[in-house]
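**Q** Input data.cif, format and content: mmCIF, C-alpha atoms.
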```
data_work
#
loop_
_atom_site.label_atom_id
_atom_site.label_comp_id
_atom_site.auth_asym_id
_atom_site.auth_seq_id
_atom_site.Cartn_x
_atom_site.Cartn_y
_atom_site.Cartn_z
CA MET A 1016 0.00 0.00 0.00
CA ARG A 1017 2.81 2.36 1.01
CA ARG A 1018 4.67 1.53 -2.16
CA ALA A 1019 1.59 2.18 -4.32
CA ASP A 1020 1.26 5.59 -2.61
CA ASP A 1021 4.92 6.35 -3.30
CA VAL A 1022 4.50 5.45 -6.98
CA ALA A 1023 1.32 7.53 -7.30
CA ARG A 1024 2.98 10.57 -5.72
CA LEU A 1025 6.02 10.20 -7.93
CA GLU A 1026 3.88 9.93 -11.05
CA SER A 1027 1.96 13.05 -10.06
CA PHE A 1028 5.24 14.98 -9.88
CA MET A 1029 6.58 13.81 -13.28
CA PRO A 1030 5.41 16.89 -15.30
CA ALA A 1031 6.91 19.32 -12.74
CA ALA A 1032 10.17 17.34 -12.77
CA SER A 1033 10.21 17.58 -16.55
CA ARG A 1034 9.74 21.37 -16.45
CA ILE A 1035 12.54 21.80 -13.92
CA ALA A 1036 14.83 19.62 -16.04
CA THR A 1037 14.02 21.79 -19.08
CA THR A 1038 14.99 24.94 -17.17
CA TYR A 1039 18.33 23.65 -15.94
CA ALA A 1040 19.59 21.42 -18.75
CA ALA A 1041 20.52 22.13 -22.35
CA HIS A 1042 17.69 21.23 -24.74
CA GLY A 1043 19.07 17.82 -25.64
CA GLU A 1044 19.95 16.91 -22.06
CA ALA A 1045 16.63 17.63 -20.39
CA ALA A 1046 15.41 14.03 -20.76
CA ASP A 1047 18.50 12.71 -18.94
CA LEU A 1048 18.10 15.23 -16.14
CA HIS A 1049 14.38 14.47 -15.91
CA GLN A 1050 15.13 10.79 -15.37
CA GLU A 1051 17.85 11.62 -12.85
CA ILE A 1052 15.42 13.79 -10.86
CA LEU A 1053 12.87 10.97 -10.81
CA THR A 1054 15.54 8.47 -9.78
CA GLN A 1055 16.64 10.73 -6.91
CA LEU A 1056 13.03 11.25 -5.84
CA TRP A 1057 12.52 7.51 -5.64
CA ARG A 1058 15.80 6.94 -3.82
CA SER A 1059 15.11 9.72 -1.29
CA ARG A 1060 11.49 8.78 -0.62
CA ARG A 1061 12.28 7.46 2.87
CA HIS A 1062 13.42 10.95 3.87
CA PHE A 1063 9.93 12.30 3.28
CA ASP A 1064 8.59 12.73 6.81
CA GLY A 1065 5.20 14.19 5.93
CA GLN A 1066 5.90 17.46 7.79
CA SER A 1067 5.52 19.43 4.59
CA GLU A 1068 3.46 18.69 1.48
CA TYR A 1069 4.89 16.04 -0.83
CA ALA A 1070 5.22 18.56 -3.69
CA THR A 1071 7.22 20.99 -1.52
CA TRP A 1072 9.60 18.19 -0.53
CA ALA A 1073 9.80 16.95 -4.14
CA TYR A 1074 10.65 20.46 -5.42
CA ARG A 1075 13.58 20.51 -2.98
CA VAL A 1076 14.93 17.19 -4.27
CA ALA A 1077 14.33 18.21 -7.90
CA LEU A 1078 16.01 21.62 -7.58
CA ASN A 1079 18.96 20.20 -5.64
CA THR A 1080 19.46 17.50 -8.29
CA ALA A 1081 19.21 20.08 -11.08
CA ILE A 1082 21.65 22.49 -9.40
CA ASP A 1083 24.13 19.64 -8.83
CA HIS A 1084 23.73 18.70 -12.49
CA VAL A 1085 24.60 22.26 -13.60
CA ARG A 1086 27.72 22.26 -11.43
CA ARG A 1087 28.93 18.82 -12.54
CA ASP A 1088 28.14 19.58 -16.13
CA ARG A 1089 30.85 22.24 -16.24
CA HIS A 1090 33.47 19.53 -15.84
CA ARG A 1091 32.25 17.60 -18.82
CA LYS A 1092 32.51 18.36 -22.52
CA THR A 1093 32.04 21.87 -23.86
CA THR A 1094 28.45 22.97 -24.30
CA LEU A 1095 28.71 23.03 -28.09
CA GLU A 1096 30.03 19.46 -28.29
CA ARG A 1097 27.39 18.19 -25.91
CA PHE A 1098 24.58 20.05 -27.66
CA ARG A 1099 25.54 18.64 -31.05
CA LEU A 1100 25.92 15.11 -29.73
CA LEU A 1101 22.65 15.06 -27.82
CA ASN A 1102 20.63 16.78 -30.51
CA TRP A 1103 21.87 14.21 -32.98
CA ARG A 1104 20.97 11.39 -30.59
CA GLU A 1105 17.50 12.76 -29.85
CA ALA A 1106 16.78 13.66 -33.46
CA LYS A 1107 17.62 10.08 -34.34
CA SER A 1108 15.33 8.68 -31.66
CA GLY A 1109 12.56 11.15 -32.57
CA THR A 1110 12.22 12.70 -29.08
CA LEU A 1111 13.49 16.15 -30.02
CA ILE A 1112 10.35 18.24 -30.45
CA PRO A 1113 10.66 22.03 -30.83
CA ASP A 1114 9.35 24.17 -27.94
CA SER A 1115 6.52 26.65 -28.33
CA VAL A 1116 7.46 30.35 -28.59
CA GLU A 1117 6.33 30.99 -24.99
CA VAL A 1118 8.49 28.18 -23.63
CA GLN A 1119 11.46 29.36 -25.69
CA VAL A 1120 11.02 32.85 -24.23
CA ILE A 1121 11.02 31.44 -20.68
CA LYS A 1122 14.10 29.30 -21.38
CA ALA A 1123 15.96 32.24 -22.90
CA PHE A 1124 15.10 34.34 -19.86
CA CYS A 1125 16.17 31.60 -17.43
CA ASP A 1126 19.52 31.37 -19.21
CA THR A 1127 20.23 34.97 -18.17
CA LEU A 1128 19.66 34.19 -14.46
CA ASP A 1129 22.04 32.78 -11.88
CA VAL A 1130 21.21 29.59 -9.98
CA ALA A 1131 19.47 31.36 -7.07
CA GLU A 1132 17.28 33.55 -9.26
CA ARG A 1133 16.54 30.68 -11.61
CA SER A 1134 15.33 28.53 -8.70
CA LEU A 1135 13.14 31.36 -7.48
CA PHE A 1136 11.68 32.03 -10.91
CA THR A 1137 11.10 28.33 -11.62
CA LEU A 1138 9.12 27.98 -8.40
CA TYR A 1139 7.11 31.06 -9.30
CA LEU A 1140 6.29 29.51 -12.68
CA GLU A 1141 5.21 26.39 -10.83
CA ALA A 1142 2.66 28.60 -9.00
CA LEU A 1143 4.06 28.06 -5.51
CA ASP A 1144 3.18 30.71 -2.93
CA TYR A 1145 5.88 32.69 -1.09
CA ALA A 1146 5.72 30.54 2.04
CA ARG A 1147 6.32 27.36 0.04
CA ILE A 1148 9.06 28.94 -2.06
CA SER A 1149 10.70 30.01 1.19
CA ASP A 1150 10.36 26.46 2.53
CA VAL A 1151 11.96 24.97 -0.60
CA LEU A 1152 14.85 27.44 -0.88
CA GLY A 1153 15.56 28.16 2.79
CA ILE A 1154 15.34 31.95 2.49
CA SER A 1155 12.74 34.23 4.09
CA SER A 1156 9.39 34.69 2.33
CA GLY A 1157 9.82 38.49 2.44
CA ALA A 1158 13.06 38.14 0.50
CA CYS A 1159 11.32 35.84 -2.01
CA ARG A 1160 8.56 38.40 -2.50
CA THR A 1161 10.98 41.31 -3.08
CA ARG A 1162 13.25 39.41 -5.45
CA LEU A 1163 10.35 37.87 -7.37
CA SER A 1164 8.78 41.25 -7.89
CA ARG A 1165 12.06 42.42 -9.47
CA LEU A 1166 12.31 39.24 -11.53
CA LYS A 1167 8.77 39.68 -12.85
CA SER A 1168 9.59 43.24 -13.98
CA LYS A 1169 12.73 41.95 -15.63
CA PHE A 1170 10.73 39.19 -17.33
CA LYS A 1171 8.16 41.72 -18.61
CA GLN A 1172 11.00 43.71 -20.18
CA HIS A 1173 12.36 40.49 -21.66
CA ILE A 1174 8.96 39.65 -23.19
CA ALA A 1175 8.63 43.19 -24.54
CA GLY A 1176 12.06 42.83 -26.14
CA GLU A 1177 11.05 39.50 -27.68
CA ASP A 1178 7.79 41.02 -29.04
CA LEU A 1179 9.73 43.84 -30.66
CA GLU A 1180 12.08 41.36 -32.31
CA HIS A 1181 9.16 39.47 -33.84
CA MET B 1144 2.45 37.92 -24.98
CA ASN B 1145 2.14 38.32 -21.20
CA ILE B 1146 3.57 36.59 -18.13
CA GLU B 1147 0.49 34.48 -17.42
CA ALA B 1148 0.22 33.23 -21.02
CA ASN B 1149 3.87 32.20 -20.89
CA ARG B 1150 3.35 30.49 -17.55
CA GLN B 1151 0.35 28.52 -18.79
CA ALA B 1152 2.27 27.40 -21.90
CA TRP B 1153 5.09 26.42 -19.60
CA ILE B 1154 2.84 24.27 -17.39
CA ALA B 1155 1.31 22.61 -20.48
CA SER B 1156 4.77 21.88 -21.91
CA GLY B 1157 5.61 19.85 -18.80
CA GLU B 1158 2.64 17.54 -19.32
CA LYS B 1159 3.67 16.85 -22.92
CA SER B 1160 7.36 16.35 -22.29
CA ALA B 1161 6.70 14.16 -19.24
CA GLN B 1162 4.74 11.81 -21.47
CA ARG B 1163 7.65 11.67 -23.90
CA THR B 1164 10.62 11.38 -21.59
CA ALA B 1165 9.47 10.00 -18.25
CA PRO B 1166 10.23 6.32 -17.66
CA SER B 1167 7.45 4.14 -16.31
CA SER B 1168 7.52 3.69 -12.54
CA THR B 1169 8.49 0.01 -12.97
CA GLN B 1170 11.47 0.99 -15.15
CA LEU B 1171 12.47 3.60 -12.60
CA ILE B 1172 12.30 1.20 -9.67
CA TRP B 1173 14.40 -1.34 -11.57
CA ARG B 1174 16.93 1.33 -12.52
CA VAL B 1175 17.39 2.25 -8.85
CA ARG B 1176 17.67 -1.43 -7.90
CA LEU B 1177 20.29 -2.01 -10.59
CA ARG B 1178 22.35 0.97 -9.40
CA ILE B 1179 22.33 -0.36 -5.84
CA ALA B 1180 23.13 -3.90 -7.03
CA PHE B 1181 26.03 -2.59 -9.13
CA ALA B 1182 27.48 -0.70 -6.15
CA ILE B 1183 27.17 -3.81 -3.94
CA ILE B 1184 28.84 -6.00 -6.60
CA ILE B 1185 31.79 -3.59 -6.99
CA ALA B 1186 32.26 -3.34 -3.19
CA SER B 1187 32.04 -7.14 -2.81
CA LEU B 1188 34.57 -7.69 -5.60
CA ALA B 1189 36.98 -5.22 -3.99
CA LEU B 1190 36.60 -6.96 -0.63
CA LEU B 1191 37.07 -10.39 -2.20
CA ALA B 1192 40.14 -9.24 -4.12
CA SER B 1193 41.79 -7.75 -1.03
CA GLY B 1194 40.95 -10.85 1.02
CA PHE B 1195 42.33 -13.07 -1.72
CA CYS B 1196 45.56 -11.05 -1.89
CA LEU B 1197 46.01 -11.33 1.87
CA LEU B 1198 45.45 -15.09 1.68
CA LEU B 1199 48.06 -15.35 -1.08
CA ILE B 1200 50.53 -13.36 0.97
CA GLY B 1201 49.85 -15.44 4.05
CA SER B 1202 50.22 -18.78 2.28
CA GLY B 1203 53.02 -17.83 -0.12
CA GLY B 1204 55.94 -18.37 2.26
CA PHE B 1205 56.73 -14.65 2.36
CA GLU B 1206 59.13 -13.19 4.85
CA VAL B 1207 57.86 -11.40 7.95
CA PHE B 1208 58.87 -8.02 6.53
CA GLU B 1209 56.95 -8.64 3.34
CA ILE B 1210 53.83 -9.71 5.24
CA LEU B 1211 54.12 -6.60 7.41
CA ALA B 1212 54.68 -4.39 4.37
CA TRP B 1213 51.68 -5.75 2.49
CA SER B 1214 49.54 -5.53 5.61
CA LEU B 1215 50.60 -1.88 5.93
CA ILE B 1216 49.65 -1.22 2.28
CA VAL B 1217 46.23 -2.85 2.68
CA ALA B 1218 45.62 -1.07 6.01
CA THR B 1219 46.59 2.28 4.45
CA LEU B 1220 44.24 1.76 1.53
CA VAL B 1221 41.38 0.71 3.82
CA ALA B 1222 42.04 3.72 6.08
CA LEU B 1223 42.09 6.02 3.06
CA ILE B 1224 38.73 4.70 1.83
CA GLY B 1225 37.32 5.11 5.36
CA LEU B 1226 38.58 8.69 5.60
CA VAL B 1227 37.13 9.58 2.19
CA ILE B 1228 33.75 8.09 3.19
CA ARG B 1229 33.86 9.99 6.49
CA ALA B 1230 34.75 13.29 4.82
CA HIS B 1231 32.14 12.78 2.12
CA GLY B 1232 29.41 11.81 4.57
CA ILE B 1233 26.98 8.98 3.96
CA ARG B 1234 23.83 10.94 4.77
CA GLN B 1235 22.04 12.30 1.71
CA THR B 1236 21.26 16.00 1.64
CA ARG B 1237 19.14 16.22 -1.52
CA HIS B 1238 15.90 16.43 0.44
CA LEU B 1239 17.08 19.44 2.46
CA ARG B 1240 16.26 23.05 1.60
CA VAL B 1241 18.27 24.28 -1.36
CA LEU B 1242 20.43 26.64 0.72
CA ASP B 1243 21.12 23.89 3.31
CA HIS B 1244 21.97 21.41 0.54
CA VAL B 1245 24.39 23.85 -1.10
CA GLU B 1246 26.01 24.64 2.26
CA ALA B 1247 26.31 20.93 3.07
CA GLY B 1248 27.96 20.44 -0.34
CA LEU B 1249 30.37 23.30 0.37
CA ALA B 1250 31.31 21.82 3.77
CA ARG B 1251 31.78 18.38 2.17
CA THR B 1252 34.01 19.72 -0.59
CA THR B 1253 36.12 21.67 1.92
CA ARG B 1254 36.55 18.51 4.06
CA LEU B 1255 37.58 16.46 1.02
CA GLU B 1256 39.98 19.16 -0.11
CA THR B 1257 41.63 19.23 3.32
CA LEU B 1258 41.87 15.45 3.23
CA ILE B 1259 43.58 15.47 -0.17
CA GLY B 1260 45.84 18.33 0.93
CA ASN B 1261 47.05 16.20 3.87
CA LEU B 1262 47.41 13.04 1.82
CA HIS B 1263 51.15 12.83 2.47
CA TRP B 1264 50.64 12.15 6.19
CA PHE B 1265 48.37 9.16 6.04
CA PHE B 1266 49.12 7.84 2.57
CA TRP B 1267 52.54 8.77 1.27
CA ALA B 1268 54.42 8.16 4.53
CA PRO B 1269 53.01 4.64 5.27
CA MET B 1270 53.28 3.68 1.59
CA LEU B 1271 56.92 4.75 1.48
CA ILE B 1272 57.66 2.80 4.68
CA ALA B 1273 55.90 -0.26 3.19
CA PHE B 1274 57.91 -0.06 -0.05
CA LEU B 1275 61.17 0.37 1.87
CA MET B 1276 60.29 -2.74 3.87
CA LEU B 1277 59.56 -4.62 0.65
CA ALA B 1278 62.86 -3.49 -0.85
CA TYR B 1279 64.68 -4.62 2.29
CA ALA B 1280 62.94 -7.99 2.29
CA SER B 1281 63.70 -8.64 -1.38
CA GLU B 1282 67.46 -8.51 -0.75
CA TYR B 1283 68.20 -11.96 -2.17
CA ARG B 1284 65.85 -11.78 -5.11
CA HIS B 1285 66.42 -11.53 -8.82
CA TRP B 1286 67.00 -8.14 -10.51
CA THR B 1287 63.57 -8.44 -12.18
CA ASP B 1288 61.99 -8.02 -8.73
CA TYR B 1289 63.74 -4.67 -8.31
CA THR B 1290 62.68 -3.60 -11.80
CA PHE B 1291 59.09 -4.58 -11.03
CA ALA B 1292 59.18 -2.79 -7.67
CA ALA B 1293 60.74 0.36 -9.19
CA THR B 1294 58.16 0.41 -12.00
CA SER B 1295 55.29 -0.07 -9.54
CA ILE B 1296 56.57 2.73 -7.33
CA GLY B 1297 57.05 4.99 -10.36
CA VAL B 1298 53.53 4.33 -11.63
CA LEU B 1299 52.11 4.86 -8.13
CA ILE B 1300 53.94 8.16 -7.66
CA TRP B 1301 53.00 9.39 -11.14
CA GLY B 1302 49.37 8.37 -10.56
CA LEU B 1303 49.26 10.06 -7.20
CA ILE B 1304 50.80 13.31 -8.42
CA TYR B 1305 48.64 13.46 -11.55
CA GLY B 1306 45.50 12.11 -9.89
CA ARG B 1307 45.82 14.36 -6.87
CA ASP B 1308 46.34 17.39 -9.06
CA TYR B 1309 43.31 16.50 -11.17
CA VAL B 1310 41.07 15.84 -8.16
CA GLN B 1311 42.25 19.02 -6.41
CA THR B 1312 41.53 21.14 -9.48
CA ARG B 1313 38.02 19.71 -9.71
CA MET B 1314 37.45 20.14 -5.98
CA GLN B 1315 38.59 23.74 -6.15
CA ALA B 1316 36.23 24.46 -9.07
CA ASP B 1317 33.40 22.73 -7.17
CA ARG B 1318 34.11 24.72 -4.01
CA GLU B 1319 34.11 28.00 -5.93
CA ALA B 1320 30.82 27.13 -7.67
CA LEU B 1321 29.18 26.04 -4.40
CA ARG B 1322 30.41 29.15 -2.57
CA GLU B 1323 29.00 31.32 -5.35
CA GLN B 1324 25.65 29.50 -5.27
CA ALA B 1325 25.41 29.78 -1.48
CA SER B 1326 26.37 33.44 -1.49
CA ARG B 1327 23.83 34.24 -4.22
CA LEU B 1328 21.09 32.58 -2.17
CA ARG B 1329 22.17 34.34 1.03
CA GLN B 1330 22.46 37.63 -0.82
CA ILE B 1331 18.73 37.55 -1.58
CA ASP B 1332 18.04 37.45 2.16
CA ILE B 1333 20.63 40.11 2.97
CA GLU B 1334 19.24 42.52 0.35
CA GLU B 1335 15.77 42.06 1.82
CA ASN B 1336 16.98 42.84 5.35
CA ALA B 1337 18.89 45.88 4.12
CA SER B 1338 15.87 47.25 2.26
#
```
Show the structure stored in the file as structure tokens.

**A**
Amino acid sequence: MRRADDVARLESFMPAASRIATTYAAHGEAADLHQEILTQLWRSRRHFDGQSEYATWAYRVALNTAIDHVRRDRHRKTTLERFRLLNWREAKSGTLIPDSVEVQVIKAFCDTLDVAERSLFTLYLEALDYARISDVLGISSGACRTRLSRLKSKFKQHIAGEDLEH
Amino acid sequence: MNIEANRQAWIASGEKSAQRTAPSSTQLIWRVRLRIAFAIIIASLALLASGFCLLLIGSGGFEVFEILAWSLIVATLVALIGLVIRAHGIRQTRHLRVLDHVEAGLARTTRLETLIGNLHWFFWAPMLIAFLMLAYASEYRHWTDYTFAATSIGVLIWGLIYGRDYVQTRMQADREALREQASRLRQIDIEENAS
């Protein structure tokens, strides 16, 4: 019964894990990071004590896995090499599907942010309230509110810039 | 285009890509099991190999000095693995808050760096003593033994210098990245308090 619950909870988090992977990994690598996040969620499930909501706990695991991935990734091949290799692999397997314009705009904006701001903005996109964002990141909710307000203004400017270009 | 439209498209994109890239829960569970099984197999093989080597040494009619030297080498290697595990920490931190996880990573990297920086005390010194003991014990052996010993020592020293340098460079880069991540997260709080 417990195991069935764990599986159901994990499955419910799969789309959010996919979105986080897309934000932190290069386009061709998102599938690998998505699977790694799910693997870590399954491995860490015994650490879930029920004190917070499952989604809040899962966002922590997902963001920590993604941030670790970004750091480790710098040691590996150059971005260009990796991008070419993975795009070729995914194009061959037929999983490389182009993003919509809106998603491309979000990704381009996220690429301009550092890890802390990117985490904050990702959680905002996931529609988490300030208290939950604060619980996931470990910073005060007031600080989340102030920084997010600045990030939203920055994002508006980014969208305006994109609209002008098109 | 506005923020909310982008956000909705973003949420919808997750549903689609999850269907494409997410493994089934059965596949995922088996993947985790295989990882654990692989780690157990590697550890068991290492234990078996070291036990087998000790048995060979014990039953091979070696001199006391040689037995002592090989015991010292095995003990040093075991101690080194123990120290690395202790510095690394077995407890997972992925489920902690992001700032706590980054700070735990920073502390871990600093501990490992210190360990590698002090490698000469608990690795080089006992290894050198062990090799000197081996050289002393192989007094009446053929010249090929000396060649073999010299080559082994050379390879070991080269590996240690190169390997240590490589690991230290990576550790340093990791520490810098973790420090930057932690300071960026803390900075958000500090700015809020200042304002």

**Q** The centre and edge lengths of an axis-aligned box containing all atoms of range 1032-1045 of chain A present in the file, extended by 6 Å on each side, are to be given in Å to one decimal, as lines of an AutoDock Vina configuration file.

**A**
```
center_x = 15.1
center_y = 20.9
center_z = -19.2
size_x = 22.8
size_y = 20.0
size_z = 24.9
```

**Q** Could you list the residues chosen by the PyMOL selection byres ((chain B) within 6 of (chain A)) in this structure as a list in words?

**A**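 Residues picked by the PyMOL selection byres ((chain B) within 6 of (chain A)): Asn1149, Arg1150, Trp1153, Gly1157, Glu1158, Ala1161, Thr1164, Arg1237, His1238, Arg1240, Val1241, Leu1242, Arg1327, Leu1328, Asp1332 and Glu1335 of chain B.
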
**Q** Write the residues you've just listed into a file as a short mmCIF file (atom, residue, chain, number, x, y, z; two decimals), in the coordinates of the input, and include C-alpha atoms for each of them.

**A**
```
data_model
loop_
_atom_site.label_atom_id
_atom_site.label_comp_id
_atom_site.auth_asym_id
_atom_site.auth_seq_id
_atom_site.Cartn_x
_atom_site.Cartn_y
_atom_site.Cartn_z
CA ASN B 1149 3.87 32.20 -20.89
CA ARG B 1150 3.35 30.49 -17.55
CA TRP B 1153 5.09 26.42 -19.60
CA GLY B 1157 5.61 19.85 -18.80
CA GLU B 1158 2.64 17.54 -19.32
CA ALA B 1161 6.70 14.16 -19.24
CA THR B 1164 10.62 11.38 -21.59
CA ARG B 1237 19.14 16.22 -1.52
CA HIS B 1238 15.90 16.43 0.44
CA ARG B 1240 16.26 23.05 1.60
CA VAL B 1241 18.27 24.28 -1.36
CA LEU B 1242 20.43 26.64 0.72
CA ARG B 1327 23.83 34.24 -4.22
CA LEU B 1328 21.09 32.58 -2.17
CA ASP B 1332 18.04 37.45 2.16
CA GLU B 1335 15.77 42.06 1.82
#
```

**Q** Env of Arg1307 in chain B: 9 Å cut, atoms = only C-alpha atoms, seq-sep filter 3 positions within chain, self excluded. Answer as a ChimeraX atom specification.

**A** /B:1259-1260,1262,1302-1304,1310-1312

**Q** To one decimal place in Å, what is the distance between CA of Pro1269 in chain B and CA of Arg1254 in chain B?

**A**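 Rounded to one decimal, the two atoms are 21.6 Å apart.
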
**Q** Quick check, in Å to one decimal: how far apart do CA of Glu1068 in chain A and CA of Leu1239 in chain B lie?

**A**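 So the answer is 13.7 Å.
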
**Q** Run the PyMOL selection byres ((chain B and resi 1208) around 8) against the file shown and list the residues it catches, as a list in words.

**A**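 Taken on the displayed file, the PyMOL selection byres ((chain B and resi 1208) around 8) yields the residues Glu1206, Val1207, Glu1209, Ile1210, Leu1211, Ala1212, Met1276, Leu1277, Tyr1279 and Ala1280 of chain B.
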
**Q** So the first atom is CA of Ala1081 in chain A and the second is CA of Tyr1039 in chain A; what is the distance between them in Å, to one decimal place?

**A**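 Atom-to-atom, CA of Ala1081 in chain A to CA of Tyr1039 in chain A, that is 6.1 Å.
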
**Q** Written as a PyMOL selection string, which residues does the PyMOL selection byres ((chain B and resi 1246-1252) around 10) give for the file shown?

**A** (chain A and resi 1083) or (chain B and resi 1229-1232+1235-1237+1239-1245+1253-1258+1313-1326)

**Q** Those same residues, written as an mmCIF file, in the frame of the given file with C-alpha atoms?

**A**
```
data_model
loop_
_atom_site.group_PDB
_atom_site.id
_atom_site.type_symbol
_atom_site.label_atom_id
_atom_site.label_comp_id
_atom_site.auth_asym_id
_atom_site.auth_seq_id
_atom_site.Cartn_x
_atom_site.Cartn_y
_atom_site.Cartn_z
ATOM 1 C CA ASP A 1083 24.130 19.640 -8.830
ATOM 2 C CA ARG B 1229 33.860 9.990 6.490
ATOM 3 C CA ALA B 1230 34.750 13.290 4.820
ATOM 4 C CA HIS B 1231 32.140 12.780 2.120
ATOM 5 C CA GLY B 1232 29.410 11.810 4.570
ATOM 6 C CA GLN B 1235 22.040 12.300 1.710
ATOM 7 C CA THR B 1236 21.260 16.000 1.640
ATOM 8 C CA ARG B 1237 19.140 16.220 -1.520
ATOM 9 C CA LEU B 1239 17.080 19.440 2.460
ATOM 10 C CA ARG B 1240 16.260 23.050 1.600
ATOM 11 C CA VAL B 1241 18.270 24.280 -1.360
ATOM 12 C CA LEU B 1242 20.430 26.640 0.720
ATOM 13 C CA ASP B 1243 21.120 23.890 3.310
ATOM 14 C CA HIS B 1244 21.970 21.410 0.540
ATOM 15 C CA VAL B 1245 24.390 23.850 -1.100
ATOM 16 C CA THR B 1253 36.120 21.670 1.920
ATOM 17 C CA ARG B 1254 36.550 18.510 4.060
ATOM 18 C CA LEU B 1255 37.580 16.460 1.020
ATOM 19 C CA GLU B 1256 39.980 19.160 -0.110
ATOM 20 C CA THR B 1257 41.630 19.230 3.320
ATOM 21 C CA LEU B 1258 41.870 15.450 3.230
ATOM 22 C CA ARG B 1313 38.020 19.710 -9.710
ATOM 23 C CA MET B 1314 37.450 20.140 -5.980
ATOM 24 C CA GLN B 1315 38.590 23.740 -6.150
ATOM 25 C CA ALA B 1316 36.230 24.460 -9.070
ATOM 26 C CA ASP B 1317 33.400 22.730 -7.170
ATOM 27 C CA ARG B 1318 34.110 24.720 -4.010
ATOM 28 C CA GLU B 1319 34.110 28.000 -5.930
ATOM 29 C CA ALA B 1320 30.820 27.130 -7.670
ATOM 30 C CA LEU B 1321 29.180 26.040 -4.400
ATOM 31 C CA ARG B 1322 30.410 29.150 -2.570
ATOM 32 C CA GLU B 1323 29.000 31.320 -5.350
ATOM 33 C CA GLN B 1324 25.650 29.500 -5.270
ATOM 34 C CA ALA B 1325 25.410 29.780 -1.480
ATOM 35 C CA SER B 1326 26.370 33.440 -1.490
#
```
